[in-house]
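This is target08.cif. It holds mmCIF, C-alpha atoms.
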data_coords
#
loop_
_atom_site.label_atom_id
_atom_site.label_comp_id
_atom_site.auth_asym_id
_atom_site.auth_seq_id
_atom_site.Cartn_x
_atom_site.Cartn_y
_atom_site.Cartn_z
CA MET A 17 81.38 65.10 99.08
CA SER A 18 85.02 64.28 98.26
CA SER A 19 87.78 66.84 98.57
CA THR A 20 88.00 67.28 94.78
CA SER A 21 84.36 66.96 93.68
CA TYR A 22 83.21 70.46 94.65
CA LYS A 23 83.04 73.40 92.28
CA LEU A 24 85.15 76.30 93.52
CA LEU A 25 84.94 79.97 92.54
CA LEU A 26 87.78 82.31 93.56
CA LEU A 27 87.21 86.05 93.81
CA SER A 28 90.58 87.58 92.95
CA PHE A 29 90.50 91.20 91.84
CA TYR A 30 94.17 90.83 90.87
CA CYS A 31 95.36 87.47 89.60
CA GLU A 32 98.40 87.19 87.36
CA PRO A 33 101.38 84.81 87.18
CA GLY A 34 104.92 86.13 87.33
CA ARG A 35 104.12 89.09 89.54
CA GLY A 36 104.39 89.79 93.23
CA SER A 37 101.99 91.36 95.72
CA GLU A 38 98.23 90.85 95.28
CA TRP A 39 98.62 89.71 91.66
CA GLY A 40 100.92 86.83 92.53
CA LEU A 41 99.00 85.98 95.68
CA GLY A 42 95.73 85.66 93.79
CA TRP A 43 97.33 83.45 91.15
CA SER A 44 98.96 81.23 93.80
CA TYR A 45 95.50 80.18 95.02
CA ALA A 46 94.22 79.44 91.52
CA GLN A 47 97.34 77.53 90.55
CA GLU A 48 97.45 75.37 93.66
CA PHE A 49 93.76 74.47 93.71
CA SER A 50 93.91 73.60 90.00
CA GLN A 51 96.33 70.80 90.82
CA THR A 52 93.43 68.73 92.17
CA GLN A 53 90.29 70.15 90.52
CA PRO A 54 88.99 72.66 87.96
CA VAL A 55 88.82 76.21 89.29
CA TRP A 56 86.77 79.24 88.28
CA VAL A 57 88.12 82.76 88.87
CA LEU A 58 86.59 86.23 88.75
CA ALA A 59 89.34 88.80 88.13
CA HIS A 60 89.72 92.37 86.92
CA GLU A 61 90.03 92.95 83.19
CA CYS A 62 93.58 94.30 83.60
CA CYS A 63 94.81 90.74 84.30
CA ARG A 64 93.56 89.36 80.97
CA VAL A 65 96.68 89.61 78.80
CA GLY A 66 99.15 88.11 81.25
CA LEU A 67 96.81 85.48 82.65
CA ASP A 68 95.41 84.27 79.32
CA LYS A 69 98.91 84.01 77.86
CA TYR A 70 100.13 81.94 80.80
CA LEU A 71 97.09 79.66 80.78
CA SER A 72 97.43 78.95 77.06
CA GLU A 73 101.20 78.43 77.04
CA LYS A 74 102.43 77.27 80.45
CA HIS A 75 99.69 76.17 82.81
CA THR A 76 99.67 72.56 83.91
CA GLY A 77 96.94 70.93 85.93
CA ASN A 78 93.18 71.12 85.75
CA PRO A 79 91.50 73.96 83.84
CA VAL A 80 91.37 77.47 85.32
CA HIS A 81 88.28 79.20 83.92
CA VAL A 82 88.58 82.99 84.20
CA THR A 83 85.81 85.55 83.86
CA TYR A 84 87.08 89.12 83.62
CA VAL A 85 85.04 91.94 85.11
CA LYS A 86 85.45 95.67 84.71
CA LEU A 87 83.34 98.74 85.27
CA PRO A 88 81.94 100.94 82.48
CA ARG A 89 84.57 102.79 80.47
CA TRP A 90 83.63 106.15 81.97
CA LEU A 91 84.62 104.82 85.42
CA GLU A 92 87.83 103.03 84.41
CA TRP A 93 90.00 106.10 85.07
CA MET A 94 89.41 105.46 88.77
CA HIS A 95 91.31 102.18 88.64
CA GLY A 96 94.69 103.84 88.24
CA SER A 97 93.95 106.85 90.41
CA TYR A 98 94.92 107.83 93.96
CA TYR A 99 94.24 105.52 96.88
CA PRO A 100 90.84 106.97 97.95
CA VAL A 101 89.55 106.98 94.37
CA PHE A 102 90.83 103.45 93.76
CA ASN A 103 89.00 102.32 96.91
CA CYS A 104 85.75 103.64 95.45
CA TYR A 105 86.48 101.80 92.20
CA TYR A 106 87.19 98.54 94.03
CA TYR A 107 84.00 98.96 96.06
CA LEU A 108 81.90 99.42 92.92
CA TRP A 109 83.70 96.52 91.23
CA GLN A 110 82.35 94.17 93.89
CA PHE A 111 78.80 94.84 92.71
CA ALA A 112 79.75 94.12 89.10
CA ALA A 113 81.57 90.99 90.25
CA ALA A 114 78.51 89.91 92.25
CA ARG A 115 76.32 90.10 89.15
CA ALA A 116 78.92 88.14 87.18
CA ALA A 117 79.17 85.55 89.97
CA VAL A 118 75.41 85.00 89.97
CA ARG A 119 75.31 84.61 86.17
CA LEU A 120 78.20 82.16 86.33
CA HIS A 121 76.65 80.20 89.16
CA LYS A 122 73.48 79.63 87.16
CA GLN A 123 75.65 77.88 84.57
CA VAL A 124 78.17 76.07 86.79
CA LYS A 125 76.33 75.54 90.11
CA PHE A 126 79.17 76.34 92.52
CA ASP A 127 79.54 74.65 95.87
CA LEU A 128 81.99 77.14 97.36
CA VAL A 129 83.27 80.67 96.78
CA GLN A 130 86.40 82.09 98.41
CA HIS A 131 87.46 85.74 98.42
CA VAL A 132 91.26 85.90 98.11
CA SER A 133 92.12 89.35 96.67
CA LEU A 134 92.18 92.14 97.52
CA CYS A 135 92.91 91.12 101.10
CA ARG A 136 90.79 93.80 102.81
CA TRP A 137 88.60 92.94 105.76
CA TRP A 138 86.98 96.37 105.78
CA MET A 139 85.41 96.32 102.32
CA PRO A 140 82.59 94.04 101.11
CA SER A 141 82.96 90.99 98.90
CA ALA A 142 80.92 89.79 95.94
CA GLY A 143 80.97 86.35 97.51
CA ALA A 144 78.07 87.23 99.81
CA ALA A 145 75.78 87.42 96.76
CA LEU A 146 75.95 83.64 96.30
CA LYS A 147 74.82 82.76 99.80
CA LYS A 148 71.12 82.89 98.86
CA TYR A 149 71.83 80.13 96.35
CA GLY A 150 73.24 77.84 99.04
CA VAL A 151 76.88 78.35 98.08
CA GLY A 152 79.45 78.16 100.87
CA PHE A 153 81.38 81.43 101.37
CA ILE A 154 84.90 81.89 102.77
CA PHE A 155 85.99 85.49 103.28
CA GLY A 156 89.74 85.67 103.30
CA PRO A 157 92.46 85.62 104.30
CA VAL A 158 91.84 89.32 104.80
CA ALA A 159 93.74 92.07 106.60
CA GLY A 160 94.48 95.71 105.81
CA GLY A 161 93.52 99.09 107.17
CA GLU A 162 96.40 99.16 109.63
CA ILE A 163 97.77 102.49 110.89
CA LEU A 164 101.45 103.25 111.46
CA PRO A 165 102.75 103.20 115.06
CA ALA A 166 102.45 106.64 116.66
CA LYS A 167 106.09 107.78 116.54
CA PHE A 168 106.43 106.71 112.91
CA ARG A 169 103.35 108.72 111.97
CA GLU A 170 104.97 111.79 113.55
CA ARG A 171 108.07 111.60 111.34
CA SER A 172 106.40 110.61 108.08
CA PRO A 173 106.31 113.02 105.10
CA LYS A 174 103.26 115.25 104.74
CA PHE A 175 101.93 113.25 101.81
CA SER A 176 102.27 110.02 103.81
CA LYS A 177 100.49 111.57 106.77
CA LEU A 178 97.67 112.61 104.46
CA ALA A 179 97.47 109.12 102.93
CA ASP A 180 97.49 107.49 106.37
CA GLY A 181 94.74 109.82 107.54
CA MET A 182 92.64 108.99 104.50
CA ARG A 183 93.14 105.27 105.14
CA PHE A 184 91.86 105.74 108.68
CA ILE A 185 88.86 107.79 107.52
CA GLY A 186 88.06 105.31 104.76
CA ARG A 187 88.19 102.33 107.08
CA THR A 188 86.09 104.16 109.69
CA ILE A 189 83.38 104.86 107.09
CA PHE A 190 83.43 101.46 105.40
CA ARG A 191 83.39 99.38 108.57
CA ARG A 192 79.75 100.42 109.14
CA ASP A 193 78.74 99.91 105.52
CA PRO A 194 75.70 97.56 105.39
CA PHE A 195 77.25 95.63 102.50
CA LEU A 196 80.35 94.94 104.57
CA VAL A 197 78.15 93.89 107.50
CA ARG A 198 76.31 91.53 105.15
CA THR A 199 79.60 90.12 103.86
CA ILE A 200 80.91 89.37 107.34
CA ARG A 201 77.66 87.96 108.68
CA LYS A 202 76.98 85.77 105.66
CA ALA A 203 80.45 84.24 105.58
CA ASP A 204 80.58 80.59 106.62
CA LEU A 205 84.21 81.11 107.55
CA ILE A 206 86.32 84.26 107.91
CA LEU A 207 90.09 83.94 107.72
CA ALA A 208 91.88 86.86 109.38
CA ALA A 209 95.46 87.36 108.22
CA ILE A 210 96.66 89.48 111.16
CA PRO A 211 95.59 89.77 114.81
CA ALA A 212 94.25 93.32 114.38
CA ALA A 213 91.90 92.16 111.61
CA GLU A 214 90.77 89.23 113.72
CA ARG A 215 89.87 91.53 116.63
CA TRP A 216 87.84 93.78 114.36
CA LEU A 217 86.05 90.97 112.55
CA ARG A 218 84.94 89.32 115.78
CA ARG A 219 83.04 92.51 116.67
CA TYR A 220 80.46 91.76 113.99
CA GLY A 221 79.11 88.70 115.76
CA ASN A 222 80.12 85.94 113.37
CA PRO A 223 81.75 83.25 115.54
CA ASN A 224 83.48 81.57 112.60
CA VAL A 225 86.64 83.70 112.55
CA GLU A 226 90.08 82.11 112.48
CA MET A 227 93.66 83.32 112.06
CA ILE A 228 95.88 82.20 109.20
CA THR A 229 98.66 84.09 107.48
CA PRO A 230 98.21 84.36 103.68
CA ALA A 231 101.98 84.07 103.22
CA THR A 232 102.73 81.66 100.38
CA CYS A 233 105.86 80.84 98.42
CA SER A 234 105.80 81.29 94.67
CA ASN A 235 105.56 78.33 92.32
CA VAL A 236 108.05 75.46 92.31
CA GLU A 237 109.96 76.97 89.37
CA THR A 238 110.62 80.17 91.29
CA LEU A 239 111.63 78.24 94.40
CA ALA A 240 114.04 76.11 92.39
CA ALA A 241 115.56 79.19 90.77
CA ALA A 242 115.94 80.87 94.17
CA GLN A 243 117.63 77.79 95.63
CA ALA A 244 120.04 77.59 92.70
CA ALA A 245 120.90 81.28 93.07
CA HIS A 246 121.45 80.85 96.81
CA ASP A 247 123.63 77.76 96.40
CA GLY A 248 125.64 79.40 93.61
CA ARG A 249 126.71 82.47 95.59
CA SER A 250 130.31 83.56 95.11
CA LYS A 251 132.48 83.01 98.17
CA ASN A 252 134.40 86.21 97.43
CA ARG A 253 131.39 88.53 97.48
CA PRO A 254 130.96 91.21 100.17
CA PHE A 255 128.66 90.37 103.07
CA THR A 256 125.28 91.42 101.68
CA PHE A 257 122.14 92.72 103.35
CA MET A 258 119.29 92.98 100.88
CA SER A 259 115.72 94.30 100.81
CA CYS A 260 113.05 94.20 98.12
CA GLY A 261 109.87 96.07 97.21
CA GLY A 262 108.51 99.35 95.88
CA LEU A 263 110.48 102.28 97.27
CA SER A 264 107.83 104.19 99.17
CA TYR A 265 108.18 105.71 102.62
CA PHE A 266 106.39 102.72 104.11
CA ARG A 267 109.11 100.35 102.92
CA GLY A 268 111.33 101.65 105.74
CA VAL A 269 114.52 101.46 103.65
CA ASP A 270 115.71 104.72 105.21
CA LEU A 271 115.74 102.96 108.58
CA ALA A 272 117.78 100.10 107.13
CA LEU A 273 120.30 102.44 105.49
CA LYS A 274 120.81 104.37 108.70
CA ALA A 275 121.29 101.12 110.60
CA PHE A 276 123.75 99.87 107.99
CA ALA A 277 125.74 103.10 108.27
CA LYS A 278 125.75 102.87 112.07
CA ALA A 279 126.92 99.24 112.02
CA ASN A 280 129.92 100.38 109.91
CA LEU A 281 130.88 96.92 108.71
CA PRO A 282 133.98 96.43 106.51
CA ASN A 283 133.51 94.47 103.27
CA ALA A 284 129.71 94.68 103.50
CA GLN A 285 127.09 96.10 101.15
CA TYR A 286 123.41 96.93 101.17
CA VAL A 287 121.32 96.17 98.07
CA HIS A 288 117.71 97.13 97.43
CA VAL A 289 115.83 95.33 94.67
CA CYS A 290 113.00 97.24 92.89
CA ASP A 291 112.37 100.91 92.27
CA GLY A 292 109.93 103.57 93.42
CA PRO A 293 109.27 107.25 94.10
CA GLN A 294 111.67 107.45 97.05
CA ARG A 295 114.74 106.25 95.18
CA ILE A 296 116.23 109.71 94.58
CA ALA A 297 115.77 110.66 98.23
CA LEU A 298 117.30 107.37 99.39
CA GLU A 299 120.27 107.75 97.07
CA GLN A 300 120.83 111.19 98.58
CA LEU A 301 120.52 109.71 102.07
CA SER A 302 123.22 107.18 101.18
CA ARG A 303 125.51 110.02 100.14
CA ASP A 304 124.72 111.98 103.31
CA LEU A 305 125.54 108.89 105.40
CA GLY A 306 128.81 108.34 103.53
CA ILE A 307 127.86 104.83 102.36
CA GLU A 308 126.95 105.48 98.72
CA ASP A 309 129.85 103.29 97.52
CA ARG A 310 128.38 100.32 99.46
CA VAL A 311 124.71 100.77 98.55
CA ILE A 312 123.13 99.48 95.33
CA PHE A 313 119.66 100.17 93.96
CA THR A 314 118.96 97.62 91.23
CA GLY A 315 115.78 99.10 89.77
CA ASP A 316 112.74 97.07 88.79
CA MET A 317 112.92 93.53 87.43
CA PRO A 318 110.48 90.63 86.94
CA HIS A 319 109.29 88.90 90.09
CA ILE A 320 111.34 85.75 89.58
CA GLU A 321 114.48 87.83 89.08
CA CYS A 322 113.72 89.74 92.29
CA VAL A 323 113.46 86.48 94.21
CA LYS A 324 116.65 85.09 92.67
CA ARG A 325 118.59 88.27 93.46
CA VAL A 326 117.47 88.45 97.09
CA ALA A 327 118.21 84.73 97.50
CA THR A 328 121.90 85.56 97.02
CA ALA A 329 121.92 87.75 100.14
CA ASP A 330 123.45 86.79 103.47
CA ALA A 331 120.42 88.31 105.16
CA VAL A 332 117.15 89.85 104.00
CA VAL A 333 116.02 93.08 105.70
CA HIS A 334 112.26 93.71 105.67
CA THR A 335 111.57 96.91 107.62
CA VAL A 336 108.23 97.61 105.94
CA LEU A 337 105.87 99.61 108.16
CA ARG A 338 102.69 98.37 106.47
CA ASP A 339 101.45 94.84 106.04
CA SER A 340 103.56 93.11 103.41
CA GLU A 341 105.17 89.71 103.15
CA GLY A 342 107.36 90.73 100.22
CA VAL A 343 109.63 87.90 99.09
CA LEU A 344 110.19 86.60 102.63
CA PRO A 345 108.64 83.13 102.15
CA ASP A 346 110.59 82.47 98.93
CA VAL A 347 114.02 83.57 100.13
CA MET A 348 113.63 82.01 103.57
CA HIS A 349 112.79 78.75 101.80
CA ALA A 350 116.15 79.07 100.02
CA GLY A 351 117.92 79.53 103.37
CA VAL A 352 118.21 83.29 103.80
CA PRO A 353 117.52 84.47 107.38
CA ALA A 354 115.38 87.57 107.81
CA ILE A 355 115.41 90.70 109.94
CA THR A 356 111.93 92.18 110.07
CA VAL A 357 109.55 94.11 112.28
CA ASN A 358 107.51 92.38 114.94
CA HIS A 359 104.05 93.26 113.64
CA LEU A 360 101.50 92.23 111.05
CA THR A 361 102.24 89.45 108.54
CA PRO A 362 106.07 89.52 108.80
CA ALA A 363 105.80 88.65 112.49
CA LEU A 364 103.81 85.53 111.53
CA ILE A 365 106.38 84.46 108.93
CA VAL A 366 109.67 84.97 110.76
CA SER A 367 110.49 83.25 114.05
CA SER A 368 113.28 84.06 116.50
CA GLU A 369 115.08 80.92 115.29
CA SER A 370 114.85 81.81 111.57
CA GLY A 371 115.62 85.50 111.93
CA HIS A 372 115.15 88.49 114.19
CA LEU A 373 111.98 90.45 114.99
CA LEU A 374 112.58 94.13 115.65
CA ARG A 375 110.46 95.63 118.42
CA ILE A 376 107.89 98.10 117.11
CA ASP A 377 104.80 99.56 118.77
CA ASP A 378 103.41 102.98 119.71
CA ASN A 379 106.23 103.44 122.23
CA THR A 380 108.97 102.61 119.72
CA SER A 381 110.77 105.44 117.95
CA PRO A 382 112.44 105.16 114.54
CA GLN A 383 115.80 105.57 116.28
CA ASP A 384 115.00 102.57 118.48
CA VAL A 385 114.51 100.46 115.36
CA ILE A 386 117.70 101.81 113.79
CA ASP A 387 119.74 101.05 116.92
CA GLU A 388 118.39 97.51 117.28
CA LEU A 389 118.77 96.77 113.58
CA ALA A 390 122.37 98.01 113.56
CA GLY A 391 123.15 95.73 116.48
CA VAL A 392 121.66 92.70 114.73
CA MET A 393 123.53 93.49 111.50
CA LYS A 394 126.79 93.65 113.40
CA GLN A 395 126.07 90.44 115.33
CA TRP A 396 125.20 88.42 112.22
CA TYR A 397 128.20 89.81 110.34
CA GLU A 398 130.60 88.85 113.12
CA ASP A 399 129.15 85.40 113.92
CA PRO A 400 129.12 83.08 110.88
CA GLN A 401 127.93 80.12 112.97
CA LEU A 402 124.91 82.05 114.25
CA LEU A 403 124.11 83.21 110.73
CA ALA A 404 124.37 79.67 109.37
CA ALA A 405 122.05 78.36 112.09
CA LYS A 406 119.53 81.11 111.30
CA GLY A 407 119.74 80.17 107.61
CA ARG A 408 119.04 76.50 108.30
CA ALA A 409 116.08 77.43 110.48
CA ALA A 410 114.80 79.80 107.77
CA ALA A 411 114.90 77.02 105.18
CA GLU A 412 113.02 74.70 107.51
CA ARG A 413 110.40 77.32 108.35
CA GLY A 414 110.02 78.18 104.68
CA LYS A 415 108.56 74.73 104.08
CA MET A 416 105.46 75.89 105.97
CA PHE A 417 104.72 78.28 103.12
CA GLU A 418 105.16 75.93 100.17
CA PRO A 419 102.14 76.12 97.83
CA ALA A 420 101.21 72.47 98.40
CA THR A 421 101.31 72.89 102.18
CA ARG A 422 99.18 76.03 102.08
CA GLY A 423 96.82 74.41 99.58
CA ALA A 424 96.28 71.46 101.92
CA ALA A 425 95.40 73.85 104.75
CA TYR A 426 92.84 75.69 102.62
CA ARG A 427 91.34 72.46 101.31
CA ALA A 428 90.78 71.44 104.92
CA TYR A 429 88.87 74.69 105.43
CA HIS A 430 86.85 73.97 102.28
CA THR A 431 85.93 70.52 103.51
CA ARG A 432 84.90 71.88 106.90
CA VAL A 433 82.64 74.55 105.41
CA LEU A 434 81.04 72.15 102.95
CA SER A 435 80.43 69.61 105.72
CA ARG A 436 78.88 72.30 107.91
CA LEU A 437 76.57 73.36 105.09
CA HIS A 438 75.59 69.77 104.50
CA GLU A 439 74.66 69.48 108.17
CA GLY A 440 72.59 72.67 107.95
CA ALA A 441 74.55 74.72 110.48
CA THR A 442 73.88 78.47 110.54
CA VAL A 443 75.55 81.62 111.82
CA PRO A 444 73.72 83.87 114.30
CA ARG A 445 72.33 86.98 112.58
CA ASN A 446 70.91 88.95 115.50
CA THR A 447 74.13 90.50 116.84
CA PRO A 448 74.90 94.25 116.73
CA ILE A 449 76.99 95.68 113.92
CA LEU A 450 79.88 96.41 116.28
CA ALA A 451 80.09 95.22 119.85
CA ALA A 452 81.01 97.65 122.58
CA GLY A 453 84.70 98.21 123.06
CA ALA A 454 85.70 97.91 119.43
CA PRO A 455 89.29 98.95 118.78
CA THR A 456 89.80 102.54 117.72
CA LYS A 457 93.01 101.98 115.82
#

Target encoding structure tokens, full file:
Amino acid sequence: MSSTSYKLLLLSFYCEPGRGSEWGLGWSYAQEFSQTQPVWVLAHECCRVGLDKYLSEKHTGNPVHVTYVKLPRWLEWMHGSYYPVFNCYYYLWQFAAARAAVRLHKQVKFDLVQHVSLCRWWMPSAGAALKKYGVGFIFGPVAGGEILPAKFRERSPKFSKLADGMRFIGRTIFRRDPFLVRTIRKADLILAAIPAAERWLRRYGNPNVEMITPATCSNVETLAAAQAAHDGRSKNRPFTFMSCGGLSYFRGVDLALKAFAKANLPNAQYVHVCDGPQRIALEQLSRDLGIEDRVIFTGDMPHIECVKRVATADAVVHTVLRDSEGVLPDVMHAGVPAITVNHLTPALIVSSESGHLLRIDDNTSPQDVIDELAGVMKQWYEDPQLLAAKGRAAAERGKMFEPATRGAAYRAYHTRVLSRLHEGATVPRNTPILAAGAPTK
């Protein structure tokens, strides 16, 4: 079977061009694979307007056939509800998606299905429903369910502590769910996006688990716009540190502001792109720190504008405490070096040559991060040659995350799975649900 003759179904709960996070990630898979073959997608109904408009007006390449799935109207309120309720909605959606996948398969006769969004290893996937029809199944890249390092949990707001506790409880319950067990055991290949997910997934007895970061740059238009913005920076601007993403506690912007204040750099500013519930508190923190005249909150803007704005920075600061790649691949590709935390996906994107990885684990305190970050800010500000070298290394490393490069890697996985199915290889099914010694965090 040639690399472009197979029929591919993508399971992407969120899939929409022009957006970041899971929406943009899901679309990046569909867009890249459609460059070499037709693609079928199962997505949530909420993506219909934006995705249909883009496909009819702007999409180039082979057709992307989208089937939208939603739950009955009386359950739709759960979709926009709090995290635990949304989890229940997403769980139920997988069953509706499974029925839709089977109906679609009877018409199309898929060779391969890949689950790409949401990226949760600890919840089941509709893809397992197609295994009985001989369809190859790739689960991932998947991650999620991570818990904050101990000393950061201690200082988090009460609401954040409650949310973190509910995440832990939810993951603890779901990881023994028989439908999740079926998903993991039936997968021909599982792609873990972070080491913690890989360790957990291996406990289920499927030997076909591999690590790959899902980090992917946006489309070529966004990359070109980011490069133009970076190259067109004014030489008279203040030295600029910049971060991007929804302003929740987990974004860690308070750590960055405190570090910026401690560094006390003349002719420097800190800019955060995007909005969120913590903005008022962070604006007050800027006033308390005496840096409000050097801190800018831009508010929300379209994804491409976010990328273009951050590409004008001297350095991007990504102190997020949860798993999030943000705009790192795009702005690094443009030549912006990054300061981020040494855990989860950011640690797989940024190298010591292309940026700086802040130490963070259960023994690290928030003040430790603030002190180290302030030192790095000061060092990069005072050493233009070091900063330039970091920027060149960032641009080089960013090539790893170009859509075509990532697409080639996934196509290689597709070919391997399809070849294995053709040879009749199987995965052992007689292993325990969780092996002894499974992680507790």

Distance query stretch 305-314 of chain A at most 12 Å, all atoms listed in the file, self and fewer than 5 positions along chain excluded, as a short mmCIF file (atom, residue, chain, number, x, y, z; two decimals) with C-alpha atoms, keeping the file's coordinate frame:
data_model
loop_
_atom_site.label_atom_id
_atom_site.label_comp_id
_atom_site.auth_asym_id
_atom_site.auth_seq_id
_atom_site.Cartn_x
_atom_site.Cartn_y
_atom_site.Cartn_z
CA PRO A 254 130.96 91.21 100.17
CA PHE A 255 128.66 90.37 103.07
CA THR A 256 125.28 91.42 101.68
CA PHE A 257 122.14 92.72 103.35
CA MET A 258 119.29 92.98 100.88
CA SER A 259 115.72 94.30 100.81
CA CYS A 260 113.05 94.20 98.12
CA GLY A 261 109.87 96.07 97.21
CA GLY A 262 108.51 99.35 95.88
CA LEU A 263 110.48 102.28 97.27
CA VAL A 269 114.52 101.46 103.65
CA ASP A 270 115.71 104.72 105.21
CA LEU A 271 115.74 102.96 108.58
CA ALA A 272 117.78 100.10 107.13
CA LEU A 273 120.30 102.44 105.49
CA LYS A 274 120.81 104.37 108.70
CA ALA A 275 121.29 101.12 110.60
CA PHE A 276 123.75 99.87 107.99
CA ALA A 277 125.74 103.10 108.27
CA LYS A 278 125.75 102.87 112.07
CA ALA A 279 126.92 99.24 112.02
CA ASN A 280 129.92 100.38 109.91
CA LEU A 281 130.88 96.92 108.71
CA PRO A 282 133.98 96.43 106.51
CA ASN A 283 133.51 94.47 103.27
CA ALA A 284 129.71 94.68 103.50
CA GLN A 285 127.09 96.10 101.15
CA TYR A 286 123.41 96.93 101.17
CA VAL A 287 121.32 96.17 98.07
CA HIS A 288 117.71 97.13 97.43
CA VAL A 289 115.83 95.33 94.67
CA CYS A 290 113.00 97.24 92.89
CA ASP A 291 112.37 100.91 92.27
CA GLY A 292 109.93 103.57 93.42
CA GLN A 294 111.67 107.45 97.05
CA ARG A 295 114.74 106.25 95.18
CA ILE A 296 116.23 109.71 94.58
CA ALA A 297 115.77 110.66 98.23
CA LEU A 298 117.30 107.37 99.39
CA GLU A 299 120.27 107.75 97.07
CA GLN A 300 120.83 111.19 98.58
CA GLU A 321 114.48 87.83 89.08
CA CYS A 322 113.72 89.74 92.29
CA ARG A 325 118.59 88.27 93.46
CA VAL A 326 117.47 88.45 97.09
#

Legend entry - Output check: residues returned by the PyMOL selection byres ((chain A and resi 114) around 9), as a ChimeraX atom specification: /A:109-113,115-119,141-146

Inset, instruction - Find the residue from A:Ser28, A:Ser340, A:Ser21, A:Thr199 that sits nearest to A:Val132; use all atoms listed in the file when measuring. - result: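 Going through A:Ser28, A:Ser340, A:Ser21, A:Thr199 one by one, the smallest distance to A:Val132 is for A:Ser28.
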
Inset, instruction - Name all residues at most 10 Å from A:Gly40 (count all atoms listed in the file; drop same-chain ones fewer than 2 positions away) and give them as a ChimeraX atom specification. - result: /A:30-38,42-45,232-235,319

Inset, instruction - Take the PyMOL selection byres ((chain A and resi 63-80) around 6), apply it to the structure above, and return the hits as a PyMOL selection string. - result: chain A and resi 32+50-51+53-56+60-62+81

Inset, instruction - Decode the PyMOL selection byres ((chain A and resi 162) around 10) for the given file into explicit residues and return them as JSON, numbers by chain. - result: {"A": [159, 160, 161, 163, 164, 165, 180, 183, 184, 187, 210, 212, 213, 337, 338, 339, 360, 457]}

Inset, instruction - Around the point (99.3, 86.1, 106.5), in the coordinates given by the file, pick out the residues reaching within 10 Å, counting only C-alpha atoms, and return them as a list in words. - result: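 Checking each residue against the 10 Å limit leaves Cys135, Pro157, Val158, Ala159, Leu207, Ala208, Ala209, Ile210, Pro211, Met227, Ile228, Thr229, Pro230, Ala231, Thr232, Asp339, Ser340, Glu341, Leu360, Thr361, Pro362, Ala363, Leu364 and Ile365 of chain A.
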
Inset, instruction - Could you please determine the separation between atom CA of A:Trp137 and atom CA of A:Phe190 in Å, to one decimal place? - result: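 Between these atoms lies a distance of 10.0 Å.
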
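Among A:Leu217, A:Leu41, A:Leu178, A:Val357, the residue with the shortest atom-to-atom distance to A:Leu196, counting all atoms listed in the file, is A:Leu217.
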
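Candidate residues A:Val151, A:Ala166, A:Ala424, A:Leu108 were compared for distance to A:Asn379, and the nearest is A:Ala166, using all atoms listed in the file.
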
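Rounded to one decimal, atom CA of A:Ser368 and atom CA of A:Arg413 lie 11.0 Å from each other.
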
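With atom CA of A:His359 on one side and atom CA of A:Val385 on the other, the separation reads 12.8 Å.
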
Inset, instruction - Using only C-alpha atoms, find all polymer residues with an atom at most 9 Å away from the point (125.6, 91.8, 111.3); report them as an MDAnalysis selection string. - result: chainID A and resid 255 257 276 279 281 331 389:399 403

Filtering to C-alpha atoms, could you give me those residues as a compact mmCIF listing (two decimals), in the frame of the given file?
# COMPACT_ATOMS: atom_id res chain seq x y z
CA PHE A 255 128.66 90.37 103.07
CA PHE A 257 122.14 92.72 103.35
CA PHE A 276 123.75 99.87 107.99
CA ALA A 279 126.92 99.24 112.02
CA LEU A 281 130.88 96.92 108.71
CA ALA A 331 120.42 88.31 105.16
CA LEU A 389 118.77 96.77 113.58
CA ALA A 390 122.37 98.01 113.56
CA GLY A 391 123.15 95.73 116.48
CA VAL A 392 121.66 92.70 114.73
CA MET A 393 123.53 93.49 111.50
CA LYS A 394 126.79 93.65 113.40
CA GLN A 395 126.07 90.44 115.33
CA TRP A 396 125.20 88.42 112.22
CA TYR A 397 128.20 89.81 110.34
CA GLU A 398 130.60 88.85 113.12
CA ASP A 399 129.15 85.40 113.92
CA LEU A 403 124.11 83.21 110.73

Can you list, as a short mmCIF file (atom, residue, chain, number, x, y, z; two decimals) with C-alpha atoms, keeping the file's coordinate frame, every protein, DNA or RNA residue that comes within 9 Å of A:Lys202 when you count only C-alpha atoms, leaving out same-chain residues fewer than 2 positions away?
data_model
loop_
_atom_site.label_atom_id
_atom_site.label_comp_id
_atom_site.auth_asym_id
_atom_site.auth_seq_id
_atom_site.Cartn_x
_atom_site.Cartn_y
_atom_site.Cartn_z
CA ALA A 144 78.07 87.23 99.81
CA LYS A 147 74.82 82.76 99.80
CA PHE A 153 81.38 81.43 101.37
CA VAL A 197 78.15 93.89 107.50
CA ARG A 198 76.31 91.53 105.15
CA THR A 199 79.60 90.12 103.86
CA ILE A 200 80.91 89.37 107.34
CA ASP A 204 80.58 80.59 106.62
CA LEU A 205 84.21 81.11 107.55
CA ASN A 222 80.12 85.94 113.37
CA VAL A 443 75.55 81.62 111.82
CA ARG A 445 72.33 86.98 112.58
#

Around stretch 381-387 of chain A, with edges along x, y and z and 8 Å added on all six sides, what centre and edge lengths do you get, in Å to one decimal, as JSON?
{"center_x": 115.3, "center_y": 103.0, "center_z": 116.1, "size_x": 25.0, "size_y": 21.1, "size_z": 20.7}

Inset, instruction - Name the residues in contact with A:Leu373 at a cut-off of 8 Å, using all atoms listed in the file, excluding same-chain residues fewer than 6 positions from it; report them as a ChimeraX atom specification. - result: /A:355-358,363,366-367

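Around stretch 248-252 of chain A, within 7 Å and counting only C-alpha atoms, the residues found are Ala244, Ala245 and Thr328 of chain A, once anything fewer than 3 positions away on its own chain is removed.
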